[in-house]
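Structure file query-v5.txt; described as compact mmCIF, N, CA and C atoms.
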# COMPACT_ATOMS: atom_id res chain seq x y z
N VAL U 1 19.68 -25.86 26.51
CA VAL U 1 19.41 -24.43 26.62
C VAL U 1 20.20 -23.87 27.79
N ASN U 2 20.93 -22.82 27.52
CA ASN U 2 21.66 -22.13 28.57
C ASN U 2 20.63 -21.34 29.38
N ILE U 3 20.46 -21.70 30.63
CA ILE U 3 19.43 -21.08 31.47
C ILE U 3 19.61 -19.57 31.56
N MET U 4 20.83 -19.11 31.58
CA MET U 4 21.08 -17.67 31.69
C MET U 4 20.53 -16.92 30.48
N ALA U 5 20.41 -17.60 29.36
CA ALA U 5 19.96 -16.94 28.13
C ALA U 5 18.47 -17.14 27.90
N TYR U 6 17.79 -17.81 28.84
CA TYR U 6 16.37 -18.15 28.68
C TYR U 6 15.51 -17.08 29.34
N SER U 7 14.45 -16.68 28.66
CA SER U 7 13.55 -15.69 29.23
C SER U 7 12.15 -15.85 28.64
N THR U 8 11.13 -15.58 29.44
CA THR U 8 9.75 -15.61 28.95
C THR U 8 9.21 -14.19 28.73
N LYS U 9 10.10 -13.20 28.79
CA LYS U 9 9.67 -11.80 28.64
C LYS U 9 8.96 -11.54 27.30
N LYS U 10 9.55 -12.02 26.20
CA LYS U 10 8.92 -11.81 24.88
C LYS U 10 7.61 -12.57 24.77
N LEU U 11 7.58 -13.77 25.34
CA LEU U 11 6.35 -14.56 25.34
C LEU U 11 5.22 -13.76 25.99
N LYS U 12 5.49 -13.19 27.16
CA LYS U 12 4.46 -12.40 27.86
C LYS U 12 4.01 -11.22 27.01
N GLN U 13 4.97 -10.55 26.37
CA GLN U 13 4.64 -9.39 25.53
C GLN U 13 3.73 -9.80 24.38
N TYR U 14 4.10 -10.86 23.68
CA TYR U 14 3.27 -11.33 22.56
C TYR U 14 1.90 -11.79 23.04
N ARG U 15 1.87 -12.49 24.17
CA ARG U 15 0.60 -12.99 24.68
C ARG U 15 -0.35 -11.83 24.98
N LYS U 16 0.19 -10.76 25.53
CA LYS U 16 -0.64 -9.58 25.84
C LYS U 16 -1.07 -8.85 24.57
N ILE U 17 -0.17 -8.71 23.62
CA ILE U 17 -0.50 -8.07 22.34
C ILE U 17 -1.62 -8.84 21.65
N LEU U 18 -1.55 -10.16 21.72
CA LEU U 18 -2.55 -11.02 21.07
C LEU U 18 -3.82 -11.20 21.93
N LYS U 19 -3.81 -10.56 23.09
CA LYS U 19 -4.94 -10.64 24.01
C LYS U 19 -5.31 -12.09 24.35
N MET U 20 -4.28 -12.89 24.58
CA MET U 20 -4.48 -14.28 25.01
C MET U 20 -4.16 -14.35 26.50
N ASN U 21 -4.95 -15.13 27.22
CA ASN U 21 -4.60 -15.30 28.63
C ASN U 21 -3.80 -16.59 28.80
N GLN U 22 -3.27 -16.78 29.99
CA GLN U 22 -2.45 -17.96 30.25
C GLN U 22 -3.25 -19.24 30.06
N LYS U 23 -4.53 -19.22 30.45
CA LYS U 23 -5.37 -20.41 30.34
C LYS U 23 -5.51 -20.85 28.88
N GLU U 24 -5.69 -19.89 27.97
CA GLU U 24 -5.83 -20.21 26.55
C GLU U 24 -4.55 -20.82 25.99
N LEU U 25 -3.42 -20.23 26.33
CA LEU U 25 -2.15 -20.75 25.82
C LEU U 25 -1.82 -22.11 26.44
N ALA U 26 -2.13 -22.27 27.71
CA ALA U 26 -1.91 -23.57 28.37
C ALA U 26 -2.73 -24.65 27.66
N ALA U 27 -4.00 -24.36 27.38
CA ALA U 27 -4.87 -25.33 26.70
C ALA U 27 -4.33 -25.64 25.30
N ALA U 28 -3.84 -24.60 24.61
CA ALA U 28 -3.35 -24.77 23.24
C ALA U 28 -2.13 -25.69 23.17
N ILE U 29 -1.34 -25.74 24.25
CA ILE U 29 -0.16 -26.61 24.24
C ILE U 29 -0.36 -27.83 25.15
N SER U 30 -1.60 -28.02 25.60
CA SER U 30 -1.99 -29.22 26.36
C SER U 30 -1.26 -29.39 27.69
N ILE U 31 -1.14 -28.29 28.44
CA ILE U 31 -0.63 -28.39 29.81
C ILE U 31 -1.61 -27.66 30.73
N SER U 32 -1.50 -27.89 32.02
CA SER U 32 -2.41 -27.24 32.97
C SER U 32 -2.07 -25.76 33.11
N LEU U 33 -3.05 -25.00 33.55
CA LEU U 33 -2.83 -23.57 33.80
C LEU U 33 -1.75 -23.38 34.87
N THR U 34 -1.80 -24.20 35.91
CA THR U 34 -0.79 -24.10 36.98
C THR U 34 0.61 -24.30 36.43
N SER U 35 0.78 -25.35 35.62
CA SER U 35 2.08 -25.63 35.02
C SER U 35 2.52 -24.48 34.12
N TYR U 36 1.59 -24.01 33.27
CA TYR U 36 1.91 -22.90 32.37
C TYR U 36 2.36 -21.67 33.16
N SER U 37 1.59 -21.34 34.18
CA SER U 37 1.87 -20.15 34.98
C SER U 37 3.27 -20.22 35.61
N LEU U 38 3.60 -21.38 36.17
CA LEU U 38 4.94 -21.54 36.78
C LEU U 38 6.03 -21.38 35.72
N LYS U 39 5.77 -21.89 34.53
CA LYS U 39 6.76 -21.79 33.46
C LYS U 39 6.91 -20.35 32.97
N GLU U 40 5.78 -19.65 32.85
CA GLU U 40 5.88 -18.25 32.39
C GLU U 40 6.58 -17.39 33.44
N GLN U 41 6.44 -17.76 34.70
CA GLN U 41 7.13 -17.04 35.78
C GLN U 41 8.60 -17.46 35.92
N GLU U 42 9.02 -18.40 35.06
CA GLU U 42 10.38 -18.93 35.06
C GLU U 42 10.72 -19.71 36.33
N LYS U 43 9.69 -20.24 36.99
CA LYS U 43 9.91 -21.12 38.15
C LYS U 43 10.12 -22.55 37.68
N ARG U 44 9.69 -22.83 36.46
CA ARG U 44 9.95 -24.08 35.75
C ARG U 44 10.29 -23.71 34.31
N LEU U 45 10.83 -24.66 33.57
CA LEU U 45 11.17 -24.40 32.17
C LEU U 45 10.18 -25.05 31.22
N PHE U 46 9.85 -24.35 30.14
CA PHE U 46 9.09 -24.98 29.06
C PHE U 46 10.02 -25.98 28.40
N ASP U 47 9.51 -27.12 27.98
CA ASP U 47 10.37 -28.04 27.25
C ASP U 47 10.40 -27.61 25.78
N ILE U 48 11.28 -28.22 25.02
CA ILE U 48 11.50 -27.81 23.64
C ILE U 48 10.22 -27.92 22.80
N ASN U 49 9.45 -28.97 23.01
CA ASN U 49 8.20 -29.13 22.25
C ASN U 49 7.20 -28.04 22.58
N GLU U 50 7.11 -27.69 23.85
CA GLU U 50 6.20 -26.60 24.27
C GLU U 50 6.64 -25.28 23.66
N MET U 51 7.95 -25.03 23.67
CA MET U 51 8.45 -23.78 23.08
C MET U 51 8.13 -23.71 21.59
N GLN U 52 8.30 -24.83 20.91
CA GLN U 52 8.02 -24.85 19.47
C GLN U 52 6.54 -24.66 19.19
N LYS U 53 5.67 -25.29 19.99
CA LYS U 53 4.22 -25.12 19.82
C LYS U 53 3.80 -23.67 20.04
N ILE U 54 4.33 -23.07 21.10
CA ILE U 54 3.99 -21.67 21.41
C ILE U 54 4.45 -20.76 20.28
N ALA U 55 5.66 -20.97 19.80
CA ALA U 55 6.18 -20.14 18.70
C ALA U 55 5.30 -20.29 17.46
N GLN U 56 4.83 -21.50 17.19
CA GLN U 56 3.95 -21.74 16.04
C GLN U 56 2.61 -21.02 16.21
N ILE U 57 2.04 -21.10 17.39
CA ILE U 57 0.76 -20.45 17.68
C ILE U 57 0.89 -18.94 17.49
N ILE U 58 1.94 -18.36 18.05
CA ILE U 58 2.14 -16.91 17.93
C ILE U 58 2.40 -16.53 16.48
N SER U 59 3.22 -17.31 15.79
CA SER U 59 3.49 -17.05 14.37
C SER U 59 2.20 -17.04 13.56
N ASP U 60 1.36 -18.04 13.78
CA ASP U 60 0.09 -18.15 13.06
C ASP U 60 -0.80 -16.94 13.33
N LYS U 61 -0.83 -16.50 14.59
CA LYS U 61 -1.71 -15.39 14.96
C LYS U 61 -1.23 -14.04 14.43
N ILE U 62 0.09 -13.85 14.35
CA ILE U 62 0.58 -12.55 13.87
C ILE U 62 0.91 -12.55 12.37
N GLY U 63 0.87 -13.76 11.77
CA GLY U 63 1.14 -13.84 10.33
C GLY U 63 2.59 -13.60 9.97
N LYS U 64 3.48 -13.90 10.91
CA LYS U 64 4.92 -13.73 10.70
C LYS U 64 5.62 -14.84 11.46
N VAL U 65 6.63 -15.41 10.87
CA VAL U 65 7.32 -16.52 11.54
C VAL U 65 8.17 -16.01 12.70
N ILE U 66 7.89 -16.56 13.86
CA ILE U 66 8.68 -16.29 15.07
C ILE U 66 9.22 -17.65 15.50
N THR U 67 10.51 -17.81 15.56
CA THR U 67 11.08 -19.09 15.98
C THR U 67 11.11 -19.16 17.50
N PHE U 68 11.17 -20.38 18.02
CA PHE U 68 11.23 -20.50 19.48
C PHE U 68 12.51 -19.88 20.03
N THR U 69 13.58 -19.88 19.24
CA THR U 69 14.81 -19.25 19.74
C THR U 69 14.63 -17.73 19.85
N GLU U 70 13.94 -17.13 18.89
CA GLU U 70 13.66 -15.68 18.98
C GLU U 70 12.79 -15.38 20.19
N LEU U 71 11.85 -16.28 20.46
CA LEU U 71 10.87 -16.05 21.51
C LEU U 71 11.43 -16.27 22.91
N PHE U 72 12.26 -17.30 23.09
CA PHE U 72 12.69 -17.68 24.44
C PHE U 72 14.15 -17.42 24.77
N LEU U 73 15.00 -17.26 23.76
CA LEU U 73 16.42 -17.11 24.07
C LEU U 73 16.85 -15.66 23.89
N LEU U 74 17.58 -15.17 24.85
CA LEU U 74 18.04 -13.79 24.81
C LEU U 74 19.24 -13.66 23.87
N ASP U 75 19.32 -12.52 23.23
CA ASP U 75 20.50 -12.27 22.38
C ASP U 75 21.73 -12.18 23.27
N LYS U 76 22.81 -12.75 22.77
CA LYS U 76 24.04 -12.73 23.56
C LYS U 76 24.89 -11.53 23.18
Show this structure as structure tokens.
Amino acid sequence: VNIMAYSTKKLKQYRKILKMNQKELAAAISISLTSYSLKEQEKRLFDINEMQKIAQIISDKIGKVITFTELFLLDK
């Protein structure tokens, strides 16, 4: 992943629209709240499996497929 093209902005937007807090999403992907929070703040990176799990959770909740690339990678 090109770090310059990586962003958690859409993730935060979807999380707020879905009224999910960081603790719920952290639990859903089996990481600690502290780890999740650092990753959402872009102080650490989500790994590929975490990105895919989050994309699946959001897709399921909104009833529309959102890929992890749509969610985490910025358009060039």
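Using all atoms listed in the file, the shortest contact distance between U:Thr8 and any of U:Ala26, U:Glu50, U:Glu40, U:Ile31 is found at U:Glu40.
The space separating atom C of U:Lys39 from atom CA of U:Lys61 comes to 20.6 Å.
Summary of the local environment: counting only N, CA and C atoms, residues at most 8 Å from U:Lys10, other than itself and those fewer than 4 positions away along its chain, are U:Tyr14, U:Arg15, U:Lys16, U:Glu70, U:Leu71, U:Phe72, U:Leu73.
For the atom pair formed by atom CA of U:Glu24 and atom CA of U:Ala5, the distance is 26.0 Å, given to one decimal.
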| Per-residue DSSP, stretch 34-71 of chain U, filtered to helix (DSSP H, G or I), as a PyMOL selection string | chain U and resi 34-40+48-62+68-71
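Going from atom N of U:Phe68 to atom N of U:Ala55 covers 5.8 Å.
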| request: Considering all atoms listed in the file, return as a ChimeraX atom specification whatever protein or nucleic-acid residues lie within 6.5 Å of U:Leu74, sequence-local ones (same chain, fewer than 3 positions apart) excluded. | output: /U:5-7,69
Centre and size of axis-aligned box enclosing stretch 56-65 of chain U plus 6 Å each side, as AutoDock Vina command-line options:
--center_x 3.2 --center_y -17.1 --center_z 14.0 --size_x 21.9 --size_y 21.2 --size_z 20.1
| query | Closest to U:Lys53 among U:Ala28, U:Gln41, U:Lys9, U:Lys23, using only C-alpha atoms? | reply | U:Ala28
Reconstruct N, CA, C and O atoms of stretch 29-47 of chain U; output as an mmCIF file, in the coordinates of the input.
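Output file out_23.cif is given in full below:
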data_model
loop_
_atom_site.group_PDB
_atom_site.id
_atom_site.type_symbol
_atom_site.label_atom_id
_atom_site.label_comp_id
_atom_site.auth_asym_id
_atom_site.auth_seq_id
_atom_site.Cartn_x
_atom_site.Cartn_y
_atom_site.Cartn_z
ATOM 1 N N ILE U 29 -1.340 -25.740 24.250
ATOM 2 C CA ILE U 29 -0.160 -26.610 24.240
ATOM 3 C C ILE U 29 -0.360 -27.830 25.150
ATOM 4 O O ILE U 29 0.587 -28.550 25.456
ATOM 5 N N SER U 30 -1.600 -28.020 25.600
ATOM 6 C CA SER U 30 -1.990 -29.220 26.360
ATOM 7 C C SER U 30 -1.260 -29.390 27.690
ATOM 8 O O SER U 30 -0.799 -30.485 28.029
ATOM 9 N N ILE U 31 -1.140 -28.290 28.440
ATOM 10 C CA ILE U 31 -0.630 -28.390 29.810
ATOM 11 C C ILE U 31 -1.610 -27.660 30.730
ATOM 12 O O ILE U 31 -2.451 -26.889 30.264
ATOM 13 N N SER U 32 -1.500 -27.890 32.020
ATOM 14 C CA SER U 32 -2.410 -27.240 32.970
ATOM 15 C C SER U 32 -2.070 -25.760 33.110
ATOM 16 O O SER U 32 -0.939 -25.329 32.846
ATOM 17 N N LEU U 33 -3.050 -25.000 33.550
ATOM 18 C CA LEU U 33 -2.830 -23.570 33.800
ATOM 19 C C LEU U 33 -1.750 -23.380 34.870
ATOM 20 O O LEU U 33 -0.886 -22.523 34.737
ATOM 21 N N THR U 34 -1.800 -24.200 35.910
ATOM 22 C CA THR U 34 -0.790 -24.100 36.980
ATOM 23 C C THR U 34 0.610 -24.300 36.430
ATOM 24 O O THR U 34 1.521 -23.515 36.710
ATOM 25 N N SER U 35 0.780 -25.350 35.620
ATOM 26 C CA SER U 35 2.080 -25.630 35.020
ATOM 27 C C SER U 35 2.520 -24.480 34.120
ATOM 28 O O SER U 35 3.660 -24.015 34.184
ATOM 29 N N TYR U 36 1.590 -24.010 33.270
ATOM 30 C CA TYR U 36 1.910 -22.900 32.370
ATOM 31 C C TYR U 36 2.360 -21.670 33.160
ATOM 32 O O TYR U 36 3.362 -21.040 32.859
ATOM 33 N N SER U 37 1.590 -21.340 34.180
ATOM 34 C CA SER U 37 1.870 -20.150 34.980
ATOM 35 C C SER U 37 3.270 -20.220 35.610
ATOM 36 O O SER U 37 4.028 -19.251 35.569
ATOM 37 N N LEU U 38 3.600 -21.380 36.170
ATOM 38 C CA LEU U 38 4.940 -21.540 36.780
ATOM 39 C C LEU U 38 6.030 -21.380 35.720
ATOM 40 O O LEU U 38 7.091 -20.806 35.996
ATOM 41 N N LYS U 39 5.770 -21.890 34.530
ATOM 42 C CA LYS U 39 6.760 -21.790 33.460
ATOM 43 C C LYS U 39 6.910 -20.350 32.970
ATOM 44 O O LYS U 39 8.021 -19.884 32.719
ATOM 45 N N GLU U 40 5.780 -19.650 32.850
ATOM 46 C CA GLU U 40 5.880 -18.250 32.390
ATOM 47 C C GLU U 40 6.580 -17.390 33.440
ATOM 48 O O GLU U 40 7.250 -16.423 33.106
ATOM 49 N N GLN U 41 6.440 -17.760 34.700
ATOM 50 C CA GLN U 41 7.130 -17.040 35.780
ATOM 51 C C GLN U 41 8.600 -17.460 35.920
ATOM 52 O O GLN U 41 9.312 -16.963 36.790
ATOM 53 N N GLU U 42 9.020 -18.400 35.060
ATOM 54 C CA GLU U 42 10.380 -18.930 35.060
ATOM 55 C C GLU U 42 10.720 -19.710 36.330
ATOM 56 O O GLU U 42 11.878 -19.830 36.713
ATOM 57 N N LYS U 43 9.690 -20.240 36.990
ATOM 58 C CA LYS U 43 9.910 -21.120 38.150
ATOM 59 C C LYS U 43 10.120 -22.550 37.680
ATOM 60 O O LYS U 43 10.625 -23.384 38.420
ATOM 61 N N ARG U 44 9.690 -22.830 36.460
ATOM 62 C CA ARG U 44 9.950 -24.080 35.750
ATOM 63 C C ARG U 44 10.290 -23.710 34.310
ATOM 64 O O ARG U 44 10.014 -22.589 33.900
ATOM 65 N N LEU U 45 10.830 -24.660 33.570
ATOM 66 C CA LEU U 45 11.170 -24.400 32.170
ATOM 67 C C LEU U 45 10.180 -25.050 31.220
ATOM 68 O O LEU U 45 9.735 -26.172 31.456
ATOM 69 N N PHE U 46 9.850 -24.350 30.140
ATOM 70 C CA PHE U 46 9.090 -24.980 29.060
ATOM 71 C C PHE U 46 10.020 -25.980 28.400
ATOM 72 O O PHE U 46 11.221 -25.702 28.263
ATOM 73 N N ASP U 47 9.510 -27.120 27.980
ATOM 74 C CA ASP U 47 10.370 -28.040 27.250
ATOM 75 C C ASP U 47 10.400 -27.610 25.780
ATOM 76 O O ASP U 47 9.658 -26.732 25.362
#
